[in-house]
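Everything below belongs to target28.cif, which stores mmCIF, C-alpha atoms.
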data_upload
loop_
_atom_site.group_PDB
_atom_site.id
_atom_site.type_symbol
_atom_site.label_atom_id
_atom_site.label_comp_id
_atom_site.auth_asym_id
_atom_site.auth_seq_id
_atom_site.Cartn_x
_atom_site.Cartn_y
_atom_site.Cartn_z
ATOM 1 C CA LEU A 1 -21.296 -26.488 57.207
ATOM 2 C CA ALA A 2 -21.913 -26.272 60.919
ATOM 3 C CA LYS A 3 -23.582 -29.391 62.268
ATOM 4 C CA THR A 4 -25.921 -28.674 65.143
ATOM 5 C CA THR A 5 -27.257 -30.975 67.830
ATOM 6 C CA GLN A 6 -30.402 -30.256 69.824
ATOM 7 C CA PRO A 7 -32.685 -32.252 72.101
ATOM 8 C CA ILE A 8 -35.401 -33.942 70.095
ATOM 9 C CA SER A 9 -38.193 -32.765 72.363
ATOM 10 C CA MET A 10 -38.985 -30.819 75.516
ATOM 11 C CA ASP A 11 -42.073 -30.364 77.633
ATOM 12 C CA SER A 12 -42.950 -27.316 79.682
ATOM 13 C CA TYR A 13 -45.916 -25.657 81.365
ATOM 14 C CA GLU A 14 -47.483 -22.300 80.743
ATOM 15 C CA GLY A 15 -45.698 -19.458 82.480
ATOM 16 C CA GLN A 16 -42.377 -21.252 82.808
ATOM 17 C CA GLU A 17 -39.094 -20.193 81.267
ATOM 18 C CA VAL A 18 -37.813 -22.629 78.653
ATOM 19 C CA ASN A 19 -34.163 -22.997 77.716
ATOM 20 C CA ILE A 20 -33.211 -24.977 74.613
ATOM 21 C CA THR A 21 -29.514 -25.671 74.161
ATOM 22 C CA CYS A 22 -27.849 -26.344 70.842
ATOM 23 C CA SER A 23 -24.351 -27.756 70.299
ATOM 24 C CA HIS A 24 -22.361 -26.546 67.303
ATOM 25 C CA ASN A 25 -18.773 -27.617 67.966
ATOM 26 C CA ASN A 26 -17.477 -26.843 64.475
ATOM 27 C CA ILE A 27 -19.199 -23.550 63.832
ATOM 28 C CA ALA A 28 -17.249 -21.385 61.411
ATOM 29 C CA THR A 29 -15.637 -18.150 62.563
ATOM 30 C CA ASN A 30 -17.873 -16.049 60.346
ATOM 31 C CA ASP A 31 -21.110 -17.923 61.080
ATOM 32 C CA TYR A 32 -23.880 -16.404 63.116
ATOM 33 C CA ILE A 33 -26.103 -18.582 65.274
ATOM 34 C CA THR A 34 -29.706 -18.304 64.233
ATOM 35 C CA TRP A 35 -32.875 -19.788 65.648
ATOM 36 C CA TYR A 36 -36.098 -20.423 63.754
ATOM 37 C CA GLN A 37 -39.554 -21.432 64.977
ATOM 38 C CA GLN A 38 -41.946 -23.571 62.974
ATOM 39 C CA PHE A 39 -45.627 -24.247 63.558
ATOM 40 C CA PRO A 40 -47.397 -27.173 61.838
ATOM 41 C CA SER A 41 -48.153 -26.566 58.167
ATOM 42 C CA GLN A 42 -46.203 -23.305 58.102
ATOM 43 C CA GLY A 43 -42.731 -22.328 56.995
ATOM 44 C CA PRO A 44 -40.051 -21.623 59.606
ATOM 45 C CA ARG A 45 -39.962 -18.136 61.079
ATOM 46 C CA PHE A 46 -36.833 -16.285 62.204
ATOM 47 C CA ILE A 47 -36.714 -15.737 65.973
ATOM 48 C CA ILE A 48 -33.291 -14.448 66.923
ATOM 49 C CA GLN A 49 -29.682 -14.339 65.834
ATOM 50 C CA GLY A 50 -26.382 -13.688 67.556
ATOM 51 C CA TYR A 51 -22.633 -14.029 67.214
ATOM 52 C CA LYS A 52 -21.346 -13.894 70.750
ATOM 53 C CA THR A 53 -22.545 -13.113 74.313
ATOM 54 C CA LYS A 54 -26.223 -12.304 74.753
ATOM 55 C CA VAL A 55 -28.903 -11.010 72.447
ATOM 56 C CA THR A 56 -32.445 -10.189 73.497
ATOM 57 C CA ASN A 57 -35.492 -9.207 71.493
ATOM 58 C CA GLU A 58 -39.202 -9.038 72.192
ATOM 59 C CA VAL A 59 -39.587 -12.790 71.720
ATOM 60 C CA ALA A 60 -36.527 -14.487 73.191
ATOM 61 C CA SER A 61 -32.982 -14.265 74.475
ATOM 62 C CA LEU A 62 -29.971 -15.994 73.015
ATOM 63 C CA PHE A 63 -26.933 -16.833 75.113
ATOM 64 C CA ILE A 64 -23.670 -17.697 73.374
ATOM 65 C CA PRO A 65 -20.551 -18.497 75.423
ATOM 66 C CA ALA A 66 -17.135 -17.201 74.430
ATOM 67 C CA ASP A 67 -16.090 -20.467 72.728
ATOM 68 C CA ARG A 68 -19.277 -20.400 70.582
ATOM 69 C CA LYS A 69 -19.543 -24.180 70.675
ATOM 70 C CA SER A 70 -23.073 -24.006 71.997
ATOM 71 C CA SER A 71 -25.951 -21.607 72.356
ATOM 72 C CA THR A 72 -29.090 -21.446 74.461
ATOM 73 C CA LEU A 73 -32.420 -20.077 73.335
ATOM 74 C CA SER A 74 -34.432 -18.783 76.272
ATOM 75 C CA LEU A 75 -38.184 -18.281 76.009
ATOM 76 C CA PRO A 76 -39.558 -16.389 79.012
ATOM 77 C CA ARG A 77 -42.964 -17.321 80.410
ATOM 78 C CA VAL A 78 -44.084 -19.617 77.599
ATOM 79 C CA SER A 79 -47.705 -19.920 76.576
ATOM 80 C CA LEU A 80 -49.578 -22.650 74.720
ATOM 81 C CA SER A 81 -48.945 -20.786 71.471
ATOM 82 C CA ASP A 82 -45.203 -21.342 71.862
ATOM 83 C CA THR A 83 -45.722 -25.040 71.131
ATOM 84 C CA ALA A 84 -43.638 -25.482 67.991
ATOM 85 C CA VAL A 85 -40.412 -26.891 66.605
ATOM 86 C CA TYR A 86 -37.314 -24.788 67.221
ATOM 87 C CA TYR A 87 -34.276 -25.031 64.936
ATOM 88 C CA CYS A 88 -30.744 -23.862 65.590
ATOM 89 C CA LEU A 89 -28.525 -23.086 62.573
ATOM 90 C CA GLY A 90 -25.124 -21.670 61.812
ATOM 91 C CA THR A 91 -25.607 -19.045 59.099
ATOM 92 C CA ASN A 92 -23.699 -16.497 57.099
ATOM 93 C CA ALA A 93 -24.615 -14.363 54.137
ATOM 94 C CA GLY A 94 -24.248 -16.347 50.939
ATOM 95 C CA ASN A 95 -24.612 -19.805 52.424
ATOM 96 C CA MET A 96 -27.596 -22.065 52.267
ATOM 97 C CA LEU A 97 -29.413 -22.690 55.525
ATOM 98 C CA THR A 98 -28.934 -26.212 56.844
ATOM 99 C CA PHE A 99 -31.637 -27.378 59.196
ATOM 100 C CA GLY A 100 -31.291 -30.253 61.630
ATOM 101 C CA GLY A 101 -34.169 -32.088 63.223
ATOM 102 C CA GLY A 102 -35.023 -29.298 65.635
ATOM 103 C CA THR A 103 -36.489 -29.454 69.128
ATOM 104 C CA ARG A 104 -40.198 -30.082 69.526
ATOM 105 C CA LEU A 105 -41.423 -27.957 72.401
ATOM 106 C CA MET A 106 -44.754 -28.903 73.932
ATOM 107 C CA VAL A 107 -46.253 -26.365 76.309
ATOM 108 C CA LYS A 108 -48.932 -27.799 78.569
ATOM 109 C CA PRO A 109 -51.632 -25.917 80.472
ATOM 110 C CA ASP B 1 -49.029 -8.701 51.926
ATOM 111 C CA THR B 2 -45.349 -8.452 51.115
ATOM 112 C CA GLY B 3 -44.247 -11.852 52.404
ATOM 113 C CA VAL B 4 -43.130 -14.875 50.409
ATOM 114 C CA SER B 5 -46.041 -16.342 48.494
ATOM 115 C CA GLN B 6 -46.305 -19.942 47.334
ATOM 116 C CA ASN B 7 -48.902 -21.452 45.050
ATOM 117 C CA PRO B 8 -50.706 -23.703 45.189
ATOM 118 C CA ARG B 9 -50.946 -24.378 48.916
ATOM 119 C CA HIS B 10 -51.996 -27.964 48.311
ATOM 120 C CA LYS B 11 -51.608 -30.282 45.359
ATOM 121 C CA ILE B 12 -52.832 -33.837 44.962
ATOM 122 C CA THR B 13 -51.590 -35.644 41.909
ATOM 123 C CA LYS B 14 -51.481 -39.142 40.522
ATOM 124 C CA ARG B 15 -48.199 -40.980 40.338
ATOM 125 C CA GLY B 16 -46.464 -40.309 37.059
ATOM 126 C CA GLN B 17 -47.937 -36.849 36.525
ATOM 127 C CA ASN B 18 -45.907 -33.655 36.348
ATOM 128 C CA VAL B 19 -46.450 -30.837 38.827
ATOM 129 C CA THR B 20 -45.189 -27.278 38.996
ATOM 130 C CA PHE B 21 -45.048 -25.009 42.026
ATOM 131 C CA ARG B 22 -44.526 -21.288 42.080
ATOM 132 C CA CYS B 23 -42.768 -19.079 44.596
ATOM 133 C CA ASP B 24 -42.950 -15.284 44.669
ATOM 134 C CA PRO B 25 -40.225 -14.005 46.981
ATOM 135 C CA ILE B 26 -40.173 -10.711 48.803
ATOM 136 C CA SER B 27 -39.542 -7.991 46.278
ATOM 137 C CA GLU B 28 -35.849 -7.239 45.762
ATOM 138 C CA HIS B 29 -34.672 -10.279 47.697
ATOM 139 C CA ASN B 30 -31.978 -11.567 45.405
ATOM 140 C CA ARG B 31 -31.548 -14.999 46.992
ATOM 141 C CA LEU B 32 -34.215 -17.673 46.736
ATOM 142 C CA TYR B 33 -34.147 -21.164 48.223
ATOM 143 C CA TRP B 34 -36.247 -24.278 47.791
ATOM 144 C CA TYR B 35 -36.562 -26.841 50.571
ATOM 145 C CA ARG B 36 -38.470 -30.074 51.017
ATOM 146 C CA GLN B 37 -39.852 -31.180 54.352
ATOM 147 C CA THR B 38 -41.393 -34.493 55.319
ATOM 148 C CA LEU B 39 -43.330 -35.186 58.471
ATOM 149 C CA GLY B 40 -41.222 -35.019 61.595
ATOM 150 C CA GLN B 41 -38.082 -33.871 59.784
ATOM 151 C CA GLY B 42 -36.408 -30.521 59.387
ATOM 152 C CA PRO B 43 -36.435 -28.790 55.997
ATOM 153 C CA GLU B 44 -33.953 -30.295 53.511
ATOM 154 C CA PHE B 45 -32.175 -27.996 51.093
ATOM 155 C CA LEU B 46 -32.956 -28.564 47.404
ATOM 156 C CA THR B 47 -31.593 -25.627 45.453
ATOM 157 C CA TYR B 48 -30.598 -21.985 45.645
ATOM 158 C CA PHE B 49 -30.728 -19.014 43.272
ATOM 159 C CA GLN B 50 -28.918 -15.734 43.396
ATOM 160 C CA ASN B 51 -30.933 -13.527 41.082
ATOM 161 C CA GLU B 52 -31.551 -15.726 38.026
ATOM 162 C CA ALA B 53 -28.491 -17.919 38.491
ATOM 163 C CA GLN B 54 -28.963 -21.340 40.061
ATOM 164 C CA LEU B 55 -25.856 -21.568 42.210
ATOM 165 C CA GLU B 56 -26.305 -24.763 44.124
ATOM 166 C CA LYS B 57 -28.276 -27.984 43.843
ATOM 167 C CA SER B 58 -28.600 -30.717 46.399
ATOM 168 C CA ARG B 59 -28.034 -34.358 45.504
ATOM 169 C CA LEU B 60 -31.651 -34.752 46.616
ATOM 170 C CA LEU B 61 -32.618 -32.948 43.427
ATOM 171 C CA SER B 62 -32.877 -35.845 40.996
ATOM 172 C CA ASP B 63 -33.181 -35.447 37.234
ATOM 173 C CA ARG B 64 -36.946 -35.357 37.637
ATOM 174 C CA PHE B 65 -36.692 -32.062 39.507
ATOM 175 C CA SER B 66 -35.988 -28.760 37.813
ATOM 176 C CA ALA B 67 -36.133 -25.228 39.127
ATOM 177 C CA GLU B 68 -36.010 -21.923 37.324
ATOM 178 C CA ARG B 69 -35.947 -18.267 38.176
ATOM 179 C CA PRO B 70 -35.966 -16.720 34.724
ATOM 180 C CA LYS B 71 -36.043 -13.030 35.541
ATOM 181 C CA GLY B 72 -34.613 -13.153 39.008
ATOM 182 C CA SER B 73 -38.011 -12.623 40.568
ATOM 183 C CA PHE B 74 -40.459 -15.529 40.939
ATOM 184 C CA SER B 75 -39.286 -19.135 40.768
ATOM 185 C CA THR B 76 -40.863 -22.399 39.703
ATOM 186 C CA LEU B 77 -40.093 -25.923 40.848
ATOM 187 C CA GLU B 78 -41.215 -28.705 38.536
ATOM 188 C CA ILE B 79 -41.327 -32.389 39.382
ATOM 189 C CA GLN B 80 -41.714 -34.742 36.444
ATOM 190 C CA ARG B 81 -43.113 -38.262 36.660
ATOM 191 C CA THR B 82 -44.016 -37.863 40.303
ATOM 192 C CA GLU B 83 -43.487 -40.749 42.710
ATOM 193 C CA GLN B 84 -45.112 -41.405 46.067
ATOM 194 C CA GLY B 85 -41.822 -40.570 47.745
ATOM 195 C CA ASP B 86 -42.141 -37.020 46.420
ATOM 196 C CA SER B 87 -45.027 -36.408 48.814
ATOM 197 C CA ALA B 88 -43.847 -33.633 51.110
ATOM 198 C CA MET B 89 -44.124 -29.957 51.925
ATOM 199 C CA TYR B 90 -42.117 -27.830 49.495
ATOM 200 C CA LEU B 91 -40.926 -24.602 51.052
ATOM 201 C CA CYS B 92 -39.537 -21.496 49.437
ATOM 202 C CA ALA B 93 -37.521 -18.820 51.215
ATOM 203 C CA SER B 94 -35.948 -15.550 50.196
ATOM 204 C CA ILE B 95 -33.129 -13.489 51.683
ATOM 205 C CA SER B 96 -31.918 -10.022 50.833
ATOM 206 C CA GLU B 97 -28.330 -9.307 49.855
ATOM 207 C CA GLY B 98 -25.870 -9.460 52.716
ATOM 208 C CA ASN B 99 -28.390 -10.716 55.240
ATOM 209 C CA THR B 100 -28.957 -14.068 56.880
ATOM 210 C CA GLU B 101 -32.589 -13.803 57.951
ATOM 211 C CA ALA B 102 -34.652 -16.023 55.676
ATOM 212 C CA PHE B 103 -38.328 -15.382 55.057
ATOM 213 C CA PHE B 104 -40.268 -18.532 54.294
ATOM 214 C CA GLY B 105 -43.520 -19.007 52.471
ATOM 215 C CA GLN B 106 -46.272 -21.210 53.846
ATOM 216 C CA GLY B 107 -45.277 -24.012 51.542
ATOM 217 C CA THR B 108 -46.958 -26.236 48.982
ATOM 218 C CA ARG B 109 -48.071 -29.583 50.309
ATOM 219 C CA LEU B 110 -47.776 -32.243 47.627
ATOM 220 C CA THR B 111 -49.562 -35.569 47.917
ATOM 221 C CA VAL B 112 -48.829 -38.182 45.275
ATOM 222 C CA VAL B 113 -51.442 -40.954 45.145
#
Translate this structure into structure tokens?
Amino acid sequence: LAKTTQPISMDSYEGQEVNITCSHNNIATNDYITWYQQFPSQGPRFIIQGYKTKVTNEVASLFIPADRKSSTLSLPRVSLSDTAVYYCLGTNAGNMLTFGGGTRLMVKP
Amino acid sequence: DTGVSQNPRHKITKRGQNVTFRCDPISEHNRLYWYRQTLGQGPEFLTYFQNEAQLEKSRLLSDRFSAERPKGSFSTLEIQRTEQGDSAMYLCASISEGNTEAFFGQGTRLTVV
């Protein structure tokens, strides 16, 4: 199972772009890189997933270099409601999801 | 609402009592997962079903824990002889065949007093 390493916490201010980097040195060839967001007292929610290069959706962008040993979640122009814990996982169909400790993002006014 | 539903949302029980939680996954999602989460930690995997078959169990799942998914639809997680260390949020997630996006319920928060 891919072990992931993320910063424990990050602080930002409203309107700024936030980049959270995750290391996954031993990610398997057939694993995707998936990010989840979790608010207090709620279950995690899927944000974005990618295999290589860049993926963008209405919420975030995900940058994955060619060696796939790391990935960066980019949240453009964060607001207070983006305060949450963000988890990076290596996933593939049929495997259980293994969560690390995540990154606690605090967005300040 | 067609999301993952968990009941009850909160449960307070006395040490030594048995508790049972229910998870209703998204219809036709064949994979169902149970996780436990304590304050400040990420979710920890407990067990996984594909349809009605329980395919994997974590070592965290002691003999006091049992999970079922009898008809491949809803699932129950029972904890016997609860201990204070069982206090946590219990999360259920479901995934459709061939996909990796998991849909989580809002969890059941268990407090053992």
- Query: At most 10 Å from (-25.4, -9.8, 73.4), file frame, all atoms listed in the file: which residues, as a PyMOL selection string?
  - Reply: chain A and resi 49-56+61-64
Using C-alpha atoms, can you export the residues from the last selection as an mmCIF file, keeping the file's coordinate frame?
data_model
loop_
_atom_site.group_PDB
_atom_site.id
_atom_site.type_symbol
_atom_site.label_atom_id
_atom_site.label_comp_id
_atom_site.auth_asym_id
_atom_site.auth_seq_id
_atom_site.Cartn_x
_atom_site.Cartn_y
_atom_site.Cartn_z
ATOM 1 C CA GLN A 49 -29.682 -14.339 65.834
ATOM 2 C CA GLY A 50 -26.382 -13.688 67.556
ATOM 3 C CA TYR A 51 -22.633 -14.029 67.214
ATOM 4 C CA LYS A 52 -21.346 -13.894 70.750
ATOM 5 C CA THR A 53 -22.545 -13.113 74.313
ATOM 6 C CA LYS A 54 -26.223 -12.304 74.753
ATOM 7 C CA VAL A 55 -28.903 -11.010 72.447
ATOM 8 C CA THR A 56 -32.445 -10.189 73.497
ATOM 9 C CA SER A 61 -32.982 -14.265 74.475
ATOM 10 C CA LEU A 62 -29.971 -15.994 73.015
ATOM 11 C CA PHE A 63 -26.933 -16.833 75.113
ATOM 12 C CA ILE A 64 -23.670 -17.697 73.374
#
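With distances taken over all atoms listed in the file, A:Ile8 is the one residue among A:Ser81, A:Ile8, A:Ala28, A:Leu73 lying closest to chain B.
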- Message: Residues near Val78 (chain A), anyone? I mean within 9 Å using all atoms listed in the file, not counting same-chain ones fewer than 4 positions away, as a count of residues only.
- Response: 10
- Item | Pairwise distance for CA of Gln37 (chain B) and CA of Lys71 (chain B), rounded to one decimal in Å | 26.4 Å
- Anything within 7 Å of (-32.7, -11.7, 48.2): list those residues as an MDAnalysis selection string, counting all atoms listed in the file and sticking to the file's coordinates. chainID B and resid 28:32 94:97
- For the file shown, what are the residues hit by the PyMOL selection byres ((chain B and resi 70) around 12), laid out as an MDAnalysis selection string? chainID B and resid 49:54 67:69 71:77
Based on the selection just made, write C-alpha atoms of those residues as a PDB file, keeping the file's coordinate frame.
ATOM      1  CA  PHE B  49     -30.728 -19.014  43.272  1.00  0.00           C
ATOM      2  CA  GLN B  50     -28.918 -15.734  43.396  1.00  0.00           C
ATOM      3  CA  ASN B  51     -30.933 -13.527  41.082  1.00  0.00           C
ATOM      4  CA  GLU B  52     -31.551 -15.726  38.026  1.00  0.00           C
ATOM      5  CA  ALA B  53     -28.491 -17.919  38.491  1.00  0.00           C
ATOM      6  CA  GLN B  54     -28.963 -21.340  40.061  1.00  0.00           C
ATOM      7  CA  ALA B  67     -36.133 -25.228  39.127  1.00  0.00           C
ATOM      8  CA  GLU B  68     -36.010 -21.923  37.324  1.00  0.00           C
ATOM      9  CA  ARG B  69     -35.947 -18.267  38.176  1.00  0.00           C
ATOM     10  CA  LYS B  71     -36.043 -13.030  35.541  1.00  0.00           C
ATOM     11  CA  GLY B  72     -34.613 -13.153  39.008  1.00  0.00           C
ATOM     12  CA  SER B  73     -38.011 -12.623  40.568  1.00  0.00           C
ATOM     13  CA  PHE B  74     -40.459 -15.529  40.939  1.00  0.00           C
ATOM     14  CA  SER B  75     -39.286 -19.135  40.768  1.00  0.00           C
ATOM     15  CA  THR B  76     -40.863 -22.399  39.703  1.00  0.00           C
ATOM     16  CA  LEU B  77     -40.093 -25.923  40.848  1.00  0.00           C
TER      17      LEU B  77
END
Could you list, as a CSV table (one decimal) with C-alpha atoms, in the coordinates of the input, the residues of chain B having an atom within 12 Å of chain A when counting all atoms listed in the file?
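Saved to result-v3.csv:
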chain,number,residue,atom,x,y,z
B,3,GLY,CA,-44.2,-11.9,52.4
B,4,VAL,CA,-43.1,-14.9,50.4
B,5,SER,CA,-46.0,-16.3,48.5
B,6,GLN,CA,-46.3,-19.9,47.3
B,9,ARG,CA,-50.9,-24.4,48.9
B,10,HIS,CA,-52.0,-28.0,48.3
B,30,ASN,CA,-32.0,-11.6,45.4
B,31,ARG,CA,-31.5,-15.0,47.0
B,32,LEU,CA,-34.2,-17.7,46.7
B,33,TYR,CA,-34.1,-21.2,48.2
B,34,TRP,CA,-36.2,-24.3,47.8
B,35,TYR,CA,-36.6,-26.8,50.6
B,36,ARG,CA,-38.5,-30.1,51.0
B,37,GLN,CA,-39.9,-31.2,54.4
B,38,THR,CA,-41.4,-34.5,55.3
B,39,LEU,CA,-43.3,-35.2,58.5
B,40,GLY,CA,-41.2,-35.0,61.6
B,41,GLN,CA,-38.1,-33.9,59.8
B,42,GLY,CA,-36.4,-30.5,59.4
B,43,PRO,CA,-36.4,-28.8,56.0
B,44,GLU,CA,-34.0,-30.3,53.5
B,45,PHE,CA,-32.2,-28.0,51.1
B,46,LEU,CA,-33.0,-28.6,47.4
B,47,THR,CA,-31.6,-25.6,45.5
B,48,TYR,CA,-30.6,-22.0,45.6
B,49,PHE,CA,-30.7,-19.0,43.3
B,50,GLN,CA,-28.9,-15.7,43.4
B,55,LEU,CA,-25.9,-21.6,42.2
B,56,GLU,CA,-26.3,-24.8,44.1
B,57,LYS,CA,-28.3,-28.0,43.8
B,58,SER,CA,-28.6,-30.7,46.4
B,88,ALA,CA,-43.8,-33.6,51.1
B,89,MET,CA,-44.1,-30.0,51.9
B,90,TYR,CA,-42.1,-27.8,49.5
B,91,LEU,CA,-40.9,-24.6,51.1
B,92,CYS,CA,-39.5,-21.5,49.4
B,93,ALA,CA,-37.5,-18.8,51.2
B,94,SER,CA,-35.9,-15.6,50.2
B,95,ILE,CA,-33.1,-13.5,51.7
B,96,SER,CA,-31.9,-10.0,50.8
B,97,GLU,CA,-28.3,-9.3,49.9
B,98,GLY,CA,-25.9,-9.5,52.7
B,99,ASN,CA,-28.4,-10.7,55.2
B,100,THR,CA,-29.0,-14.1,56.9
B,101,GLU,CA,-32.6,-13.8,58.0
B,102,ALA,CA,-34.7,-16.0,55.7
B,103,PHE,CA,-38.3,-15.4,55.1
B,104,PHE,CA,-40.3,-18.5,54.3
B,105,GLY,CA,-43.5,-19.0,52.5
B,106,GLN,CA,-46.3,-21.2,53.8
B,107,GLY,CA,-45.3,-24.0,51.5
B,108,THR,CA,-47.0,-26.2,49.0
B,109,ARG,CA,-48.1,-29.6,50.3
B,110,LEU,CA,-47.8,-32.2,47.6
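Counting from CA of Leu75 (chain A), the distance to CA of Asn30 (chain A) is 25.7 Å.
Considering all atoms listed in the file, the residue among B:Thr111, B:Ser87, B:Thr20, B:Ser27 positioned nearest to Pro8 (chain B) is B:Thr20.
Picture a line from CA of Gln17 (chain B) to CA of Asp63 (chain B); it runs 14.8 Å.
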- Query: What do you get, as a ChimeraX atom specification, if you spell out every residue that the PyMOL selection byres ((chain B and resi 65) around 10) selects here?
  - Reply: /B:18-20,46,60-64,66-67,77-82
Restricting the output to C-alpha atoms, write the selected residues as a PDB file, keeping the file's coordinate frame.
ATOM      1  CA  ASN B  18     -45.907 -33.655  36.348  1.00  0.00           C
ATOM      2  CA  VAL B  19     -46.450 -30.837  38.827  1.00  0.00           C
ATOM      3  CA  THR B  20     -45.189 -27.278  38.996  1.00  0.00           C
ATOM      4  CA  LEU B  46     -32.956 -28.564  47.404  1.00  0.00           C
ATOM      5  CA  LEU B  60     -31.651 -34.752  46.616  1.00  0.00           C
ATOM      6  CA  LEU B  61     -32.618 -32.948  43.427  1.00  0.00           C
ATOM      7  CA  SER B  62     -32.877 -35.845  40.996  1.00  0.00           C
ATOM      8  CA  ASP B  63     -33.181 -35.447  37.234  1.00  0.00           C
ATOM      9  CA  ARG B  64     -36.946 -35.357  37.637  1.00  0.00           C
ATOM     10  CA  SER B  66     -35.988 -28.760  37.813  1.00  0.00           C
ATOM     11  CA  ALA B  67     -36.133 -25.228  39.127  1.00  0.00           C
ATOM     12  CA  LEU B  77     -40.093 -25.923  40.848  1.00  0.00           C
ATOM     13  CA  GLU B  78     -41.215 -28.705  38.536  1.00  0.00           C
ATOM     14  CA  ILE B  79     -41.327 -32.389  39.382  1.00  0.00           C
ATOM     15  CA  GLN B  80     -41.714 -34.742  36.444  1.00  0.00           C
ATOM     16  CA  ARG B  81     -43.113 -38.262  36.660  1.00  0.00           C
ATOM     17  CA  THR B  82     -44.016 -37.863  40.303  1.00  0.00           C
TER      18      THR B  82
END
- Message: Given the PyMOL selection byres ((chain B and resi 14) around 8) and the file above, list the residues it selects as an MDAnalysis selection string.
- Response: chainID B and resid 12:13 15:17 82 112:113
Using the file's own x, y and z axes, so that the box edges lie along x, y and z, what centre and edge lengths in Å (one decimal) does a box around every listed atom of region 67-85 of chain B get when 6 Å is added on each side? Give it as AutoDock Vina command-line options.
--center_x -39.9 --center_y -27.0 --center_z 41.2 --size_x 22.5 --size_y 40.8 --size_z 25.0
Pop region 92-97 of chain B out of the structure in the block and write all heavy atoms as a tab-separated table (two decimals), in the first residue's frame.
chain	number	residue	atom	x	y	z
B	92	CYS	N	-18.80	4.80	7.26
B	92	CYS	CA	-19.09	3.81	6.24
B	92	CYS	C	-18.92	4.49	4.88
B	92	CYS	O	-19.23	5.68	4.72
B	92	CYS	CB	-20.53	3.31	6.40
B	92	CYS	SG	-21.11	2.22	5.11
B	93	ALA	N	-18.41	3.75	3.92
B	93	ALA	CA	-18.25	4.29	2.57
B	93	ALA	C	-18.63	3.23	1.56
B	93	ALA	O	-18.50	2.03	1.83
B	93	ALA	CB	-16.79	4.73	2.34
B	94	SER	N	-19.09	3.66	0.41
B	94	SER	CA	-19.38	2.71	-0.66
B	94	SER	C	-18.77	3.19	-1.97
B	94	SER	O	-18.55	4.38	-2.17
B	94	SER	CB	-20.89	2.49	-0.82
B	94	SER	OG	-21.55	3.63	-1.33
B	95	ILE	N	-18.43	2.21	-2.80
B	95	ILE	CA	-17.79	2.47	-4.09
B	95	ILE	C	-18.44	1.55	-5.12
B	95	ILE	O	-18.71	0.38	-4.84
B	95	ILE	CB	-16.27	2.19	-4.04
B	95	ILE	CG1	-15.59	3.00	-2.93
B	95	ILE	CG2	-15.62	2.50	-5.39
B	95	ILE	CD1	-14.09	2.74	-2.82
B	96	SER	N	-18.63	2.08	-6.31
B	96	SER	CA	-19.20	1.23	-7.36
B	96	SER	C	-18.10	0.45	-8.06
B	96	SER	O	-16.92	0.79	-7.99
B	96	SER	CB	-19.98	2.09	-8.38
B	96	SER	OG	-19.12	3.00	-9.01
B	97	GLU	N	-18.50	-0.61	-8.72
B	97	GLU	CA	-17.57	-1.53	-9.37
B	97	GLU	C	-16.64	-0.81	-10.32
B	97	GLU	O	-17.09	-0.01	-11.15
B	97	GLU	CB	-18.36	-2.60	-10.13
B	97	GLU	CG	-17.51	-3.64	-10.82
B	97	GLU	CD	-16.84	-4.57	-9.84
B	97	GLU	OE1	-17.46	-4.90	-8.82
B	97	GLU	OE2	-15.68	-4.97	-10.09
